[in-house]
>>> print(open('final_3.cif').read())   # mmCIF, C-alpha atoms
data_my_file
#
loop_
_atom_site.label_atom_id
_atom_site.label_comp_id
_atom_site.auth_asym_id
_atom_site.auth_seq_id
_atom_site.Cartn_x
_atom_site.Cartn_y
_atom_site.Cartn_z
CA MET A 19 -15.65 -2.47 -87.22
CA SER A 20 -16.94 0.02 -84.65
CA VAL A 21 -17.91 2.78 -87.12
CA ASP A 22 -21.63 3.46 -86.67
CA ILE A 23 -22.81 6.83 -87.98
CA ARG A 24 -25.73 8.72 -89.49
CA ARG A 25 -25.84 11.24 -92.31
CA SER A 26 -27.37 14.69 -92.36
CA PRO A 27 -29.63 15.64 -95.31
CA GLN A 28 -26.52 17.32 -96.78
CA GLY A 29 -24.52 14.11 -96.41
CA GLN A 30 -22.43 15.21 -93.43
CA ALA A 31 -21.29 12.36 -91.18
CA MET A 32 -23.00 12.51 -87.77
CA PRO A 33 -22.84 10.43 -84.59
CA ARG A 34 -25.77 8.36 -83.40
CA PRO A 35 -28.38 10.23 -81.30
CA THR A 36 -27.09 11.72 -78.06
CA VAL A 37 -27.56 9.76 -74.86
CA ALA A 38 -27.69 11.39 -71.45
CA LEU A 39 -24.38 11.25 -69.64
CA PRO A 40 -24.91 8.43 -67.11
CA PRO A 41 -24.60 9.06 -63.35
CA GLU A 42 -21.65 6.64 -63.16
CA ALA A 43 -19.66 9.07 -65.32
CA PHE A 44 -19.08 11.09 -62.12
CA ALA A 45 -19.14 8.22 -59.60
CA GLN A 46 -16.45 6.06 -57.99
CA THR A 47 -15.28 3.39 -60.44
CA ASP A 48 -12.71 0.63 -60.71
CA ASP A 49 -11.50 1.60 -64.20
CA THR A 50 -10.83 4.59 -66.48
CA ARG A 51 -13.38 5.67 -69.08
CA VAL A 52 -13.50 8.55 -71.54
CA TYR A 53 -16.94 10.02 -72.32
CA TRP A 54 -17.43 12.12 -75.44
CA LEU A 55 -19.21 15.41 -74.71
CA GLY A 56 -19.35 16.57 -78.33
CA ASN A 57 -16.98 18.35 -80.70
CA ALA A 58 -13.55 18.22 -78.97
CA GLY A 59 -14.88 17.94 -75.41
CA PHE A 60 -14.63 14.89 -73.19
CA LEU A 61 -14.86 13.72 -69.60
CA ILE A 62 -12.40 11.26 -68.07
CA ASN A 63 -13.34 9.31 -64.96
CA SER A 64 -10.38 7.41 -63.54
CA HIS A 65 -11.27 5.50 -60.37
CA GLY A 66 -13.61 8.29 -59.30
CA THR A 67 -11.43 11.26 -60.25
CA THR A 68 -13.26 13.30 -62.90
CA VAL A 69 -11.70 15.71 -65.40
CA LEU A 70 -13.41 17.69 -68.16
CA CYS A 71 -11.43 18.88 -71.18
CA ASP A 72 -12.59 21.53 -73.67
CA PRO A 73 -16.31 21.13 -72.88
CA LEU A 74 -18.65 22.86 -75.33
CA LEU A 75 -22.11 22.25 -73.88
CA VAL A 76 -23.85 25.56 -74.62
CA GLY A 77 -23.14 28.88 -76.28
CA PHE A 78 -21.51 28.06 -79.64
CA ASP A 79 -21.92 30.63 -82.43
CA MET A 80 -22.68 28.15 -85.25
CA PRO A 81 -25.69 25.85 -85.74
CA THR A 82 -25.28 22.36 -84.35
CA LEU A 83 -26.47 18.92 -85.42
CA VAL A 84 -26.63 17.30 -81.97
CA GLU A 85 -27.82 17.93 -78.44
CA PRO A 86 -25.31 18.00 -75.55
CA PRO A 87 -25.31 14.97 -73.24
CA ILE A 88 -25.51 17.21 -70.17
CA LEU A 89 -26.02 20.92 -69.48
CA PRO A 90 -23.57 22.93 -67.38
CA GLU A 91 -26.08 23.44 -64.58
CA ASP A 92 -26.52 19.66 -64.27
CA VAL A 93 -22.80 18.88 -64.01
CA PRO A 94 -21.91 17.96 -60.42
CA ALA A 95 -18.67 19.04 -58.77
CA PHE A 96 -15.62 17.56 -60.47
CA ASP A 97 -11.89 17.54 -59.92
CA ALA A 98 -10.37 19.50 -62.80
CA LEU A 99 -11.16 21.42 -65.97
CA LEU A 100 -8.58 21.44 -68.78
CA TYR A 101 -8.27 23.61 -71.87
CA THR A 102 -6.08 23.18 -74.93
CA HIS A 103 -6.46 26.62 -76.54
CA ILE A 104 -8.57 29.75 -76.78
CA ASP A 105 -10.76 28.98 -79.85
CA ASN A 106 -14.43 29.19 -78.89
CA ASP A 107 -15.17 25.58 -79.85
CA HIS A 108 -12.71 24.61 -77.08
CA PHE A 109 -12.66 27.50 -74.61
CA ALA A 110 -16.45 27.92 -74.61
CA ARG A 111 -17.08 30.88 -72.34
CA GLN A 112 -20.81 30.37 -71.79
CA THR A 113 -20.17 26.75 -70.84
CA LEU A 114 -17.34 27.87 -68.54
CA ALA A 115 -19.69 30.35 -66.84
CA GLY A 116 -22.08 27.50 -66.06
CA LEU A 117 -19.27 25.33 -64.68
CA LYS A 118 -17.62 28.05 -62.61
CA GLY A 119 -17.06 26.96 -59.05
CA LYS A 120 -17.62 23.26 -59.78
CA ALA A 121 -14.05 22.40 -60.80
CA GLY A 122 -11.46 21.83 -58.11
CA GLU A 123 -8.74 23.07 -60.45
CA ILE A 124 -8.44 24.63 -63.91
CA HIS A 125 -5.38 23.86 -66.05
CA ALA A 126 -4.31 25.36 -69.38
CA THR A 127 -1.39 27.03 -71.11
CA GLU A 128 -0.21 30.25 -69.48
CA TYR A 129 -2.17 32.50 -71.86
CA VAL A 130 -5.47 30.61 -71.64
CA ALA A 131 -5.08 30.41 -67.88
CA SER A 132 -4.70 34.19 -67.71
CA VAL A 133 -7.93 34.64 -69.71
CA ALA A 134 -9.83 32.24 -67.44
CA ARG A 135 -8.53 34.03 -64.37
CA ASP A 136 -8.54 37.68 -65.42
CA ASP A 137 -11.40 37.86 -67.93
CA GLU A 138 -13.72 35.12 -66.69
CA GLY A 139 -13.10 35.48 -62.95
CA CYS A 140 -12.21 31.84 -62.35
CA THR A 141 -10.29 30.70 -59.29
CA GLY A 142 -7.97 27.75 -58.83
CA VAL A 143 -6.41 28.38 -62.24
CA VAL A 144 -2.93 27.05 -63.03
CA GLY A 145 -0.99 27.93 -66.19
CA HIS A 146 1.58 25.55 -67.65
CA ALA A 147 4.37 25.50 -70.22
CA ILE A 148 4.56 22.93 -72.99
CA GLY A 149 6.24 19.80 -71.62
CA GLU A 150 5.16 20.50 -68.05
CA ASN A 151 3.12 17.90 -66.18
CA PHE A 152 0.65 17.95 -63.32
CA GLN A 153 -1.28 15.42 -61.27
CA VAL A 154 -5.05 15.10 -60.81
CA GLY A 155 -5.86 12.16 -58.57
CA PRO A 156 -4.37 9.01 -60.13
CA MET A 157 -3.82 10.72 -63.51
CA THR A 158 -0.76 12.57 -64.77
CA PHE A 159 -1.22 15.11 -67.57
CA THR A 160 1.66 16.38 -69.71
CA LEU A 161 1.23 19.28 -72.13
CA THR A 162 2.29 18.26 -75.65
CA PRO A 163 3.14 20.65 -78.51
CA THR A 164 0.77 21.66 -81.28
CA TRP A 165 0.85 23.99 -84.27
CA HIS A 166 -2.49 25.76 -84.43
CA ASN A 167 -1.85 29.50 -84.08
CA TRP A 168 -3.89 30.14 -87.22
CA GLN A 169 -4.87 33.66 -86.13
CA GLN A 170 -1.29 34.86 -86.54
CA HIS A 171 -1.36 33.89 -90.21
CA MET A 172 -4.64 35.60 -91.14
CA THR A 173 -4.62 38.91 -93.02
CA SER A 174 -7.73 40.28 -91.30
CA ASP A 175 -7.28 42.55 -88.26
CA LYS A 176 -10.28 40.73 -86.76
CA TYR A 177 -7.96 37.85 -85.85
CA ARG A 178 -4.58 39.54 -85.53
CA THR A 179 -5.47 41.36 -82.33
CA ARG A 180 -2.23 40.29 -80.64
CA THR A 181 0.82 38.13 -81.30
CA TRP A 182 -0.40 34.55 -81.25
CA GLU A 183 2.31 32.10 -80.25
CA ARG A 184 2.46 28.32 -80.54
CA LYS A 185 3.11 27.99 -76.81
CA GLU A 186 -0.50 29.10 -76.19
CA TYR A 187 -1.90 25.90 -77.74
CA CYS A 188 -1.38 22.38 -76.42
CA GLY A 189 -2.40 18.76 -76.41
CA TYR A 190 -2.32 16.41 -73.42
CA TRP A 191 -0.60 13.10 -72.75
CA ILE A 192 -2.70 11.36 -70.11
CA ALA A 193 -1.25 8.58 -67.95
CA THR A 194 -3.86 6.64 -65.96
CA PRO A 195 -3.69 3.48 -63.83
CA ASP A 196 -5.31 1.59 -66.71
CA GLY A 197 -3.29 2.85 -69.67
CA THR A 198 -2.32 5.96 -71.57
CA ALA A 199 -4.37 8.27 -73.76
CA TRP A 200 -3.17 11.11 -75.95
CA LEU A 201 -5.01 14.20 -77.13
CA PRO A 202 -2.96 15.72 -79.99
CA SER A 203 -5.64 18.44 -80.14
CA ASP A 204 -6.08 20.79 -83.10
CA SER A 205 -2.76 20.86 -84.90
CA ARG A 206 -0.97 20.68 -88.16
CA PRO A 207 1.14 17.50 -88.37
CA LEU A 208 4.36 17.71 -86.39
CA PRO A 209 7.37 15.35 -86.66
CA GLU A 210 7.15 14.59 -82.94
CA PHE A 211 3.64 13.22 -83.45
CA LEU A 212 5.28 10.17 -85.03
CA GLU A 213 7.86 9.82 -82.25
CA MET A 214 5.58 9.43 -79.23
CA PRO A 215 5.70 6.40 -76.93
CA ALA A 216 3.11 3.81 -77.89
CA MET A 217 -0.23 4.79 -76.36
CA ASP A 218 -3.43 2.88 -75.66
CA MET A 219 -5.93 5.45 -76.92
CA ILE A 220 -5.87 8.54 -79.14
CA LEU A 221 -8.56 11.20 -78.79
CA PHE A 222 -8.47 11.68 -82.50
CA ASP A 223 -9.08 14.90 -84.42
CA PHE A 224 -8.97 13.81 -88.06
CA SER A 225 -10.21 17.04 -89.66
CA ASP A 226 -9.05 17.46 -93.26
CA ASN A 227 -8.05 21.08 -92.77
CA VAL A 228 -4.78 22.97 -93.22
CA TRP A 229 -4.72 24.05 -89.55
CA HIS A 230 -5.67 20.58 -88.34
CA ILE A 231 -4.02 17.20 -88.97
CA GLY A 232 -5.35 16.86 -92.54
CA PHE A 233 -6.64 13.55 -93.88
CA ALA A 234 -3.23 12.30 -95.01
CA GLY A 235 -1.74 13.29 -91.66
CA ALA A 236 -4.54 11.53 -89.80
CA VAL A 237 -3.96 8.31 -91.71
CA GLU A 238 -0.20 8.50 -91.10
CA LEU A 239 -0.72 9.14 -87.40
CA ALA A 240 -3.23 6.30 -87.01
CA ASN A 241 -0.96 3.87 -88.83
CA GLN A 242 2.06 4.90 -86.77
CA TYR A 243 0.27 3.54 -83.69
CA PRO A 244 -1.69 0.61 -85.15
CA GLU A 245 -2.83 -0.84 -81.82
CA ALA A 246 -4.17 2.34 -80.22
CA ASP A 247 -7.92 2.67 -79.86
CA LEU A 248 -9.15 5.69 -81.82
CA LEU A 249 -11.91 7.81 -80.33
CA PRO A 250 -12.82 10.32 -83.06
CA ILE A 251 -13.59 13.86 -81.86
CA HIS A 252 -14.14 17.22 -83.61
CA TRP A 253 -16.60 15.76 -86.14
CA GLY A 254 -20.32 15.48 -86.78
CA CYS A 255 -21.55 18.07 -84.27
CA VAL A 256 -21.55 21.40 -86.13
CA ASP A 257 -23.91 21.90 -89.06
CA ALA A 258 -21.23 22.93 -91.54
CA PRO A 259 -21.01 20.44 -94.43
CA GLU A 260 -18.58 22.63 -96.37
CA TYR A 261 -16.42 23.66 -93.38
CA THR A 262 -13.60 21.15 -93.07
CA PRO A 263 -12.65 21.64 -89.39
CA PHE A 264 -15.99 20.10 -88.36
CA ASN A 265 -16.59 17.72 -91.24
CA GLY A 266 -14.51 14.57 -90.74
CA ASP A 267 -15.97 11.30 -92.02
CA PRO A 268 -15.17 8.19 -89.94
CA GLU A 269 -16.14 5.86 -92.79
CA ARG A 270 -13.54 7.46 -95.02
CA LEU A 271 -10.97 7.16 -92.24
CA ALA A 272 -11.82 3.49 -91.65
CA ALA A 273 -11.27 2.69 -95.31
CA ALA A 274 -7.73 4.09 -95.21
CA ILE A 275 -6.09 2.91 -91.98
CA THR A 276 -4.63 -0.24 -90.47
CA ASN A 277 -6.92 -2.12 -88.06
CA PRO A 278 -10.04 0.00 -88.68
CA GLU A 279 -11.97 -1.98 -86.07
CA ARG A 280 -10.25 0.15 -83.40
CA ILE A 281 -12.25 3.22 -84.47
CA HIS A 282 -14.99 3.82 -81.90
CA THR A 283 -17.62 6.31 -83.07
CA LEU A 284 -19.39 7.08 -79.82
CA ALA A 285 -22.66 8.89 -79.46
CA LEU A 286 -22.39 12.00 -77.31
CA GLY A 287 -22.65 10.81 -73.72
CA GLU A 288 -21.19 7.37 -74.35
CA GLY A 289 -17.93 6.20 -72.81
CA LEU A 290 -14.98 4.09 -73.90
CA LYS A 291 -12.81 2.17 -71.45
CA VAL A 292 -9.06 2.79 -71.50
CA ARG A 293 -7.48 -0.62 -72.14
CA ARG A 294 -3.80 -1.23 -71.62
CA ARG A 295 -2.25 -2.61 -74.80
CA HIS A 296 1.46 -2.20 -74.06
#
>>> encode(input="final_3.cif", output="structure tokens")
Amino acid sequence: MSVDIRRSPQGQAMPRPTVALPPEAFAQTDDTRVYWLGNAGFLINSHGTTVLCDPLLVGFDMPTLVEPPILPEDVPAFDALLYTHIDNDHFARQTLAGLKGKAGEIHATEYVASVARDDEGCTGVVGHAIGENFQVGPMTFTLTPTWHNWQQHMTSDKYRTRTWERKEYCGYWIATPDGTAWLPSDSRPLPEFLEMPAMDMILFDFSDNVWHIGFAGAVELANQYPEADLLPIHWGCVDAPEYTPFNGDPERLAAAITNPERIHTLALGEGLKVRRRH
């Protein structure tokens, strides 16, 4: 089994100590690897093409348990920056400010793209509809549906500042020369989650929260695709032992799913190779 974790003094599951993101993470390679950046952020290097998704490296408004594997000012130029939705643990504005000008392209849903372009002054921004695909080097990304417009269902005017629509939130299906990976992203369970083509890796949010997959939904999803490598994300980084969106426990997950040895609890900065299984 690949589950290897620590515990905070409050008992919260945590990854092993952060390692610095290695130079080869941005170099020419002969394979595809996914590096965990912390929370829901990751870097994909596919044969030298580098893409960051939802990086949260600095500037979060809650206390954290871990150090980032790289700071924005140390990130070299890369090919594309992707966002799934506007929540500040995904669309991290201070991190974006430090990365501005380093990404060849920025991709997101239409709404998030408009915020990056109009509010944050980014260039090279492209907005997409759910189901649309785009190419970055040897990789093809397709926006997949989610259900995470939690703001629209809050009673407080703090969150209901506009009409929040499901089309503003997405996941990504990622086709690479070495296999396929899927990021369902933050989402309630959807029927189509169980009707996807078999994939080789899932970037796996398993938060037991009503606006995330929920523990039962995570187990069902993992067991629907029993051969896919599972790279857990959205856990162990925020010091919030009572706050379910950040408090997944990989040991609990491993005890409940088929083939638990395919769970890979990386330290921040570590990478996992995409391996074709189908």
>>> resolve_selection(input="final_3.cif", expression="the PyMOL selection byres ((chain A and resi 39) around 7)", output="PDB file with C-alpha atoms, keeping the file's coordinate frame")
ATOM      1  CA  VAL A  37     -27.560   9.760 -74.860  1.00  0.00           C
ATOM      2  CA  ALA A  38     -27.690  11.390 -71.450  1.00  0.00           C
ATOM      3  CA  PRO A  40     -24.910   8.430 -67.110  1.00  0.00           C
ATOM      4  CA  PRO A  41     -24.600   9.060 -63.350  1.00  0.00           C
ATOM      5  CA  ALA A  43     -19.660   9.070 -65.320  1.00  0.00           C
ATOM      6  CA  PRO A  87     -25.310  14.970 -73.240  1.00  0.00           C
ATOM      7  CA  ILE A  88     -25.510  17.210 -70.170  1.00  0.00           C
ATOM      8  CA  GLY A 287     -22.650  10.810 -73.720  1.00  0.00           C
ATOM      9  CA  GLU A 288     -21.190   7.370 -74.350  1.00  0.00           C
TER      10      GLU A 288
END
>>> resolve_selection(input="final_3.cif", expression="the PyMOL selection byres ((chain A and resi 158) around 6)", output="count of residues only")
6
>>> resolve_selection(input="final_3.cif", expression="the PyMOL selection byres ((chain A and resi 126-128) around 8)", output="PDB file with C-alpha atoms, in the coordinates of the input")
ATOM      1  CA  LEU A 100      -8.580  21.440 -68.780  1.00  0.00           C
ATOM      2  CA  TYR A 101      -8.270  23.610 -71.870  1.00  0.00           C
ATOM      3  CA  THR A 102      -6.080  23.180 -74.930  1.00  0.00           C
ATOM      4  CA  HIS A 103      -6.460  26.620 -76.540  1.00  0.00           C
ATOM      5  CA  ILE A 124      -8.440  24.630 -63.910  1.00  0.00           C
ATOM      6  CA  HIS A 125      -5.380  23.860 -66.050  1.00  0.00           C
ATOM      7  CA  TYR A 129      -2.170  32.500 -71.860  1.00  0.00           C
ATOM      8  CA  VAL A 130      -5.470  30.610 -71.640  1.00  0.00           C
ATOM      9  CA  ALA A 131      -5.080  30.410 -67.880  1.00  0.00           C
ATOM     10  CA  SER A 132      -4.700  34.190 -67.710  1.00  0.00           C
ATOM     11  CA  VAL A 144      -2.930  27.050 -63.030  1.00  0.00           C
ATOM     12  CA  GLY A 145      -0.990  27.930 -66.190  1.00  0.00           C
ATOM     13  CA  HIS A 146       1.580  25.550 -67.650  1.00  0.00           C
ATOM     14  CA  ALA A 147       4.370  25.500 -70.220  1.00  0.00           C
ATOM     15  CA  ILE A 148       4.560  22.930 -72.990  1.00  0.00           C
ATOM     16  CA  LYS A 185       3.110  27.990 -76.810  1.00  0.00           C
ATOM     17  CA  GLU A 186      -0.500  29.100 -76.190  1.00  0.00           C
ATOM     18  CA  TYR A 187      -1.900  25.900 -77.740  1.00  0.00           C
ATOM     19  CA  CYS A 188      -1.380  22.380 -76.420  1.00  0.00           C
TER      20      CYS A 188
END
>>> residues_near_point(input="final_3.cif", point="(-0.4, 0.8, -83.0)", cutoff="10 Å", atoms="only C-alpha atoms", output="PDB file with C-alpha atoms, in the coordinates of the input")
ATOM      1  CA  ALA A 216       3.110   3.810 -77.890  1.00  0.00           C
ATOM      2  CA  MET A 217      -0.230   4.790 -76.360  1.00  0.00           C
ATOM      3  CA  ASP A 218      -3.430   2.880 -75.660  1.00  0.00           C
ATOM      4  CA  MET A 219      -5.930   5.450 -76.920  1.00  0.00           C
ATOM      5  CA  LEU A 239      -0.720   9.140 -87.400  1.00  0.00           C
ATOM      6  CA  ALA A 240      -3.230   6.300 -87.010  1.00  0.00           C
ATOM      7  CA  ASN A 241      -0.960   3.870 -88.830  1.00  0.00           C
ATOM      8  CA  GLN A 242       2.060   4.900 -86.770  1.00  0.00           C
ATOM      9  CA  TYR A 243       0.270   3.540 -83.690  1.00  0.00           C
ATOM     10  CA  PRO A 244      -1.690   0.610 -85.150  1.00  0.00           C
ATOM     11  CA  GLU A 245      -2.830  -0.840 -81.820  1.00  0.00           C
ATOM     12  CA  ALA A 246      -4.170   2.340 -80.220  1.00  0.00           C
ATOM     13  CA  ASP A 247      -7.920   2.670 -79.860  1.00  0.00           C
ATOM     14  CA  THR A 276      -4.630  -0.240 -90.470  1.00  0.00           C
ATOM     15  CA  ASN A 277      -6.920  -2.120 -88.060  1.00  0.00           C
ATOM     16  CA  ARG A 280     -10.250   0.150 -83.400  1.00  0.00           C
ATOM     17  CA  ARG A 295      -2.250  -2.610 -74.800  1.00  0.00           C
ATOM     18  CA  HIS A 296       1.460  -2.200 -74.060  1.00  0.00           C
TER      19      HIS A 296
END
>>> residues_near_point(input="final_3.cif", point="(-21.1, 35.8, -80.0)", cutoff="12 Å", atoms="all atoms listed in the file", output="PyMOL selection string")
chain A and resi 76-80+106-107+110-112
>>> write_last_selection(input="final_3.cif", atoms="C-alpha atoms", output="PDB file, keeping the file's coordinate frame")
ATOM      1  CA  VAL A  76     -23.850  25.560 -74.620  1.00  0.00           C
ATOM      2  CA  GLY A  77     -23.140  28.880 -76.280  1.00  0.00           C
ATOM      3  CA  PHE A  78     -21.510  28.060 -79.640  1.00  0.00           C
ATOM      4  CA  ASP A  79     -21.920  30.630 -82.430  1.00  0.00           C
ATOM      5  CA  MET A  80     -22.680  28.150 -85.250  1.00  0.00           C
ATOM      6  CA  ASN A 106     -14.430  29.190 -78.890  1.00  0.00           C
ATOM      7  CA  ASP A 107     -15.170  25.580 -79.850  1.00  0.00           C
ATOM      8  CA  ALA A 110     -16.450  27.920 -74.610  1.00  0.00           C
ATOM      9  CA  ARG A 111     -17.080  30.880 -72.340  1.00  0.00           C
ATOM     10  CA  GLN A 112     -20.810  30.370 -71.790  1.00  0.00           C
TER      11      GLN A 112
END
>>> residues_around(input="final_3.cif", residues="Glu138 (chain A)", least_positions_apart="2", cutoff="9 Å", atoms="all atoms listed in the file", output="MDAnalysis selection string")
chainID A and resid 111 114:115 133:136 140
>>> write_last_selection(input="final_3.cif", atoms="C-alpha atoms", output="PDB file, keeping the file's coordinate frame")
ATOM      1  CA  ARG A 111     -17.080  30.880 -72.340  1.00  0.00           C
ATOM      2  CA  LEU A 114     -17.340  27.870 -68.540  1.00  0.00           C
ATOM      3  CA  ALA A 115     -19.690  30.350 -66.840  1.00  0.00           C
ATOM      4  CA  VAL A 133      -7.930  34.640 -69.710  1.00  0.00           C
ATOM      5  CA  ALA A 134      -9.830  32.240 -67.440  1.00  0.00           C
ATOM      6  CA  ARG A 135      -8.530  34.030 -64.370  1.00  0.00           C
ATOM      7  CA  ASP A 136      -8.540  37.680 -65.420  1.00  0.00           C
ATOM      8  CA  CYS A 140     -12.210  31.840 -62.350  1.00  0.00           C
TER       9      CYS A 140
END
>>> residues_around(input="final_3.cif", residues="region 255-269 of chain A", least_positions_apart="2", cutoff="9 Å", atoms="all atoms listed in the file", output="JSON, numbers by chain")
{"A": [21, 22, 23, 26, 28, 29, 30, 31, 32, 33, 56, 57, 80, 81, 82, 83, 84, 85, 223, 224, 225, 226, 227, 228, 229, 230, 233, 250, 251, 252, 253, 271, 272, 273, 274, 281, 283]}
>>> closest_residue(input="final_3.cif", among="A:Pro86, A:Met214, A:Pro195, A:Ser203", to="Pro35 (chain A)", atoms="all atoms listed in the file")
A:Pro86
>>> atom_distance(input="final_3.cif", atom1="CA of Asp92 (chain A)", atom2="CA of Asp48 (chain A)")
23.8 Å
>>> axis_aligned_box(input="final_3.cif", around="region 246-260 of chain A", padding_each_side="5 Å", output="JSON")
{"center_x": -14.0, "center_y": 12.6, "center_z": -88.1, "size_x": 29.7, "size_y": 30.6, "size_z": 26.5}
>>> closest_residue(input="final_3.cif", among="A:Leu221, A:Glu238, A:Glu91, A:Gln169", to="Leu61 (chain A)", atoms="all atoms listed in the file")
A:Leu221
>>> closest_residue(input="final_3.cif", among="A:Glu210, A:Asp72, A:Asp196, A:Asp137", to="Thr162 (chain A)", atoms="all atoms listed in the file")
A:Glu210
>>> closest_residue(input="final_3.cif", among="A:Lys291, A:Arg270, A:Arg24, A:His65", to="Gly155 (chain A)", atoms="all atoms listed in the file")
A:His65
>>> closest_residue(input="final_3.cif", among="A:Ala234, A:Ala45, A:Leu117, A:Ala95", to="Pro73 (chain A)", atoms="all atoms listed in the file")
A:Leu117
>>> closest_residue(input="final_3.cif", among="A:Val154, A:Leu248, A:Leu75, A:Met172", to="Ala236 (chain A)", atoms="all atoms listed in the file")
A:Leu248
>>> atom_distance(input="final_3.cif", atom1="CA of Gly59 (chain A)", atom2="CA of Phe222 (chain A)")
11.4 Å
>>> atom_distance(input="final_3.cif", atom1="CA of Thr160 (chain A)", atom2="CA of Tyr190 (chain A)")
5.4 Å
>>> residues_around(input="final_3.cif", residues="Leu290 (chain A)", least_positions_apart="3", cutoff="9 Å", atoms="all atoms listed in the file", output="NGL selection string")
:A and (50-54 or 249 or 282 or 284)
